[in-house]
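Data block for input.tsv (TSV, C-alpha atoms):
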```
chain	number	residue	atom	x	y	z
A	36	MET	CA	144.93	151.34	221.65
A	37	PHE	CA	147.01	154.33	222.59
A	38	LYS	CA	145.04	157.25	224.03
A	39	ALA	CA	146.38	159.74	221.48
A	40	ARG	CA	145.57	157.44	218.55
A	41	ARG	CA	142.07	156.81	219.89
A	42	ALA	CA	141.51	160.54	220.44
A	43	PHE	CA	142.64	161.22	216.87
A	44	LEU	CA	140.25	158.56	215.54
A	45	VAL	CA	137.36	160.00	217.53
A	46	VAL	CA	138.01	163.50	216.20
A	47	PHE	CA	138.51	162.20	212.65
A	48	ALA	CA	135.27	160.18	212.84
A	49	CYS	CA	133.33	163.20	214.10
A	50	VAL	CA	134.73	165.42	211.35
A	51	PHE	CA	134.01	162.74	208.73
A	52	VAL	CA	130.40	162.41	209.94
A	53	GLY	CA	129.99	166.20	209.94
A	54	VAL	CA	131.35	166.54	206.41
A	55	ALA	CA	129.16	163.66	205.22
A	56	ILE	CA	126.05	165.29	206.70
A	57	TYR	CA	126.94	168.58	205.04
A	58	LEU	CA	127.54	166.91	201.66
A	59	PHE	CA	124.28	164.94	201.86
A	60	LEU	CA	122.35	168.16	202.59
A	61	THR	CA	124.13	170.65	200.32
A	62	PRO	CA	122.18	171.91	197.30
A	63	ARG	CA	125.10	171.33	194.95
A	64	GLU	CA	125.87	167.86	193.69
A	65	VAL	CA	129.35	166.70	194.64
A	66	LYS	CA	131.42	165.71	191.59
A	67	LEU	CA	132.52	162.44	193.19
A	68	VAL	CA	128.88	161.45	193.66
A	69	ALA	CA	128.23	162.13	189.98
A	70	LEU	CA	131.29	160.03	189.11
A	71	VAL	CA	130.55	156.90	191.19
A	72	GLY	CA	126.80	157.15	191.54
A	73	ASP	CA	124.54	158.28	194.34
A	74	LYS	CA	123.88	154.88	195.92
A	75	VAL	CA	127.56	153.85	195.84
A	76	ALA	CA	128.45	157.17	197.49
A	77	HIS	CA	125.86	156.58	200.21
A	78	ALA	CA	127.02	153.01	200.86
A	79	GLY	CA	130.69	154.04	200.80
A	80	ALA	CA	130.26	156.98	203.15
A	81	PHE	CA	128.20	155.02	205.66
A	82	GLY	CA	130.53	152.04	205.38
A	83	MET	CA	133.51	154.28	206.14
A	84	MET	CA	131.69	155.84	209.08
A	85	MET	CA	130.94	152.36	210.44
A	86	MET	CA	134.56	151.28	210.09
A	87	LEU	CA	135.69	154.42	211.92
A	88	CYS	CA	133.17	153.76	214.69
A	89	CYS	CA	134.37	150.16	215.00
A	90	ALA	CA	137.97	151.36	215.21
A	91	VAL	CA	137.01	153.59	218.13
A	92	ALA	CA	134.46	151.33	219.83
A	93	ALA	CA	135.71	149.03	222.53
A	94	SER	CA	133.29	146.12	222.19
A	95	ARG	CA	130.88	144.28	219.94
A	96	LYS	CA	128.00	145.83	221.86
A	97	ALA	CA	129.39	149.29	221.11
A	98	ASN	CA	129.69	148.31	217.43
A	99	ALA	CA	126.02	147.32	217.44
A	100	TRP	CA	125.06	150.69	218.90
A	101	CYS	CA	127.19	152.43	216.27
A	102	ALA	CA	125.41	150.49	213.53
A	103	PHE	CA	122.02	151.43	214.95
A	104	ALA	CA	123.02	155.09	215.30
A	105	LEU	CA	124.37	155.29	211.74
A	106	ILE	CA	121.27	153.68	210.26
A	107	ALA	CA	119.16	156.17	212.24
A	108	LEU	CA	121.41	158.97	210.93
A	109	GLY	CA	120.74	157.81	207.37
A	110	VAL	CA	116.99	158.00	207.98
A	111	ALA	CA	117.36	161.43	209.63
A	112	ILE	CA	119.37	162.74	206.67
A	113	GLU	CA	116.68	161.60	204.26
A	114	LEU	CA	113.98	163.26	206.37
A	115	ALA	CA	116.05	166.46	206.46
A	116	GLN	CA	116.54	166.29	202.68
A	117	SER	CA	112.77	166.10	202.20
A	118	MET	CA	112.41	169.41	204.07
A	119	THR	CA	115.03	171.33	202.08
A	120	GLY	CA	113.06	171.93	198.90
A	121	TYR	CA	116.10	171.14	196.73
A	122	ARG	CA	116.73	167.53	197.82
A	123	ASP	CA	114.44	164.51	197.63
A	124	PHE	CA	113.53	161.85	200.17
A	125	GLU	CA	114.60	158.48	198.75
A	126	THR	CA	114.12	155.14	200.46
A	127	ASP	CA	116.79	153.71	198.15
A	128	ASP	CA	119.31	156.06	199.78
A	129	MET	CA	118.36	154.70	203.21
A	130	LEU	CA	118.79	151.18	201.85
A	131	ALA	CA	122.23	152.10	200.46
A	132	ASP	CA	123.21	153.65	203.81
A	133	THR	CA	122.13	150.52	205.67
A	134	THR	CA	123.93	148.29	203.18
A	135	GLY	CA	127.16	150.23	203.68
A	136	VAL	CA	126.86	149.98	207.47
A	137	LEU	CA	126.12	146.25	207.42
A	138	LEU	CA	128.86	145.40	204.91
A	139	ALA	CA	131.44	147.34	206.91
A	140	TRP	CA	130.27	145.74	210.15
A	141	ALA	CA	130.56	142.29	208.55
A	142	ALA	CA	134.05	143.10	207.25
A	143	VAL	CA	135.18	144.24	210.69
A	144	ALA	CA	133.70	141.12	212.32
A	145	ALA	CA	135.46	138.91	209.77
A	146	ALA	CA	138.78	140.69	210.40
A	147	GLU	CA	138.33	140.21	214.15
A	148	ARG	CA	137.74	136.48	213.63
A	149	VAL	CA	140.90	136.20	211.52
A	150	ASP	CA	142.89	138.05	214.19
A	151	ALA	CA	141.49	135.74	216.89
A	152	ARG	CA	142.52	132.66	214.90
A	153	ARG	CA	146.03	134.00	214.37
A	154	ALA	CA	146.38	134.73	218.08
A	155	ARG	CA	145.82	131.07	218.98
```

Kindly return the structure encoded in the file as structure tokens.
Amino acid sequence: MFKARRAFLVVFACVFVGVAIYLFLTPREVKLVALVGDKVAHAGAFGMMMMLCCAVAASRKANAWCAFALIALGVAIELAQSMTGYRDFETDDMLADTTGVLLAWAAVAAAERVDARRAR
């Protein structure tokens, strides 16, 4: 991947993660979350973060570390929400986060397999 494209993806991924953390900890409910549902928003956000990490990561091992880090981030966000006084700790949110990460990881792995077959 070109260095400039990779640098852009790294910056975009960091900004996306930062915005997601802010939105998951803000006292106001985001209208999109109300529209699609809390669990879908969690799964979608964490799935997108995983896809961005996979686009930047250079190996399957790095993808595994990204998955682990994002799942840990989901747990940390829930713990932080429990300390805010205006947000609740929900294990279902952690499950939705993990589901989003794993589905995105599986989709990326499937796409890599298709690309490998086409390259033969």

*Out of A:Ala92, A:Met118, A:Val46, A:Ala131, which residue has the shortest atom-to-atom distance to Asp73 of chain A when counting only C-alpha atoms?*
A:Ala131

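Atom CA of Val52 of chain A lies 19.8 Å from atom CA of Ala142 of chain A.
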
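For the residues A:Ala145, A:Arg153, A:His77, A:Ala102, ranking by smallest atom-to-atom distance to Met129 of chain A using all atoms listed in the file places A:His77 first.
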
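Take atom CA of Ala80 of chain A and atom CA of Val149 of chain A: the distance between them is 24.8 Å.
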
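Here atom CA of Gly135 of chain A and atom CA of Val91 of chain A stand 17.8 Å from one another.
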
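Summary of the local environment: counting only C-alpha atoms, residues at most 8 Å from Met84 of chain A, other than itself and those fewer than 3 positions away along its chain, are A:Ala48, A:Phe51, A:Val52, A:Ala80, A:Phe81, A:Leu87, A:Cys88, A:Leu105, A:Val136.
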
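Closest approach to Gly53 of chain A among A:Ile106, A:Ile112, A:Cys89, A:Ala76 is made by A:Ile112 (distances from only C-alpha atoms).
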
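With all atoms listed in the file as the atoms that count, the residue of A:Ala90, A:Ala97, A:Met83, A:Ala111 with the shortest distance to Glu147 of chain A is A:Ala90.
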
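Residues in contact with Leu130 of chain A at 9 Å, where only C-alpha atoms are counted and same-chain residues fewer than 6 positions away are skipped, are listed as Lys74, Ala78 and Gly109 of chain A.
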
_Point (113.8, 157.5, 202.2) neighbourhood (9 Å, all atoms listed in the file) written as a PyMOL selection string_ = chain A and resi 109-110+112-114+117+123-130

Store the residues of this selection in a file with C-alpha atoms, as a compact mmCIF listing (two decimals), in the frame of the given file.
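Resulting contents of selection.txt:
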```
# COMPACT_ATOMS: atom_id res chain seq x y z
CA GLY A 109 120.74 157.81 207.37
CA VAL A 110 116.99 158.00 207.98
CA ILE A 112 119.37 162.74 206.67
CA GLU A 113 116.68 161.60 204.26
CA LEU A 114 113.98 163.26 206.37
CA SER A 117 112.77 166.10 202.20
CA ASP A 123 114.44 164.51 197.63
CA PHE A 124 113.53 161.85 200.17
CA GLU A 125 114.60 158.48 198.75
CA THR A 126 114.12 155.14 200.46
CA ASP A 127 116.79 153.71 198.15
CA ASP A 128 119.31 156.06 199.78
CA MET A 129 118.36 154.70 203.21
CA LEU A 130 118.79 151.18 201.85
```

*Could you check which of A:Trp140, A:Phe47, A:Phe59, A:Phe103 is closest to Thr119 of chain A, using all atoms listed in the file?*
A:Phe59
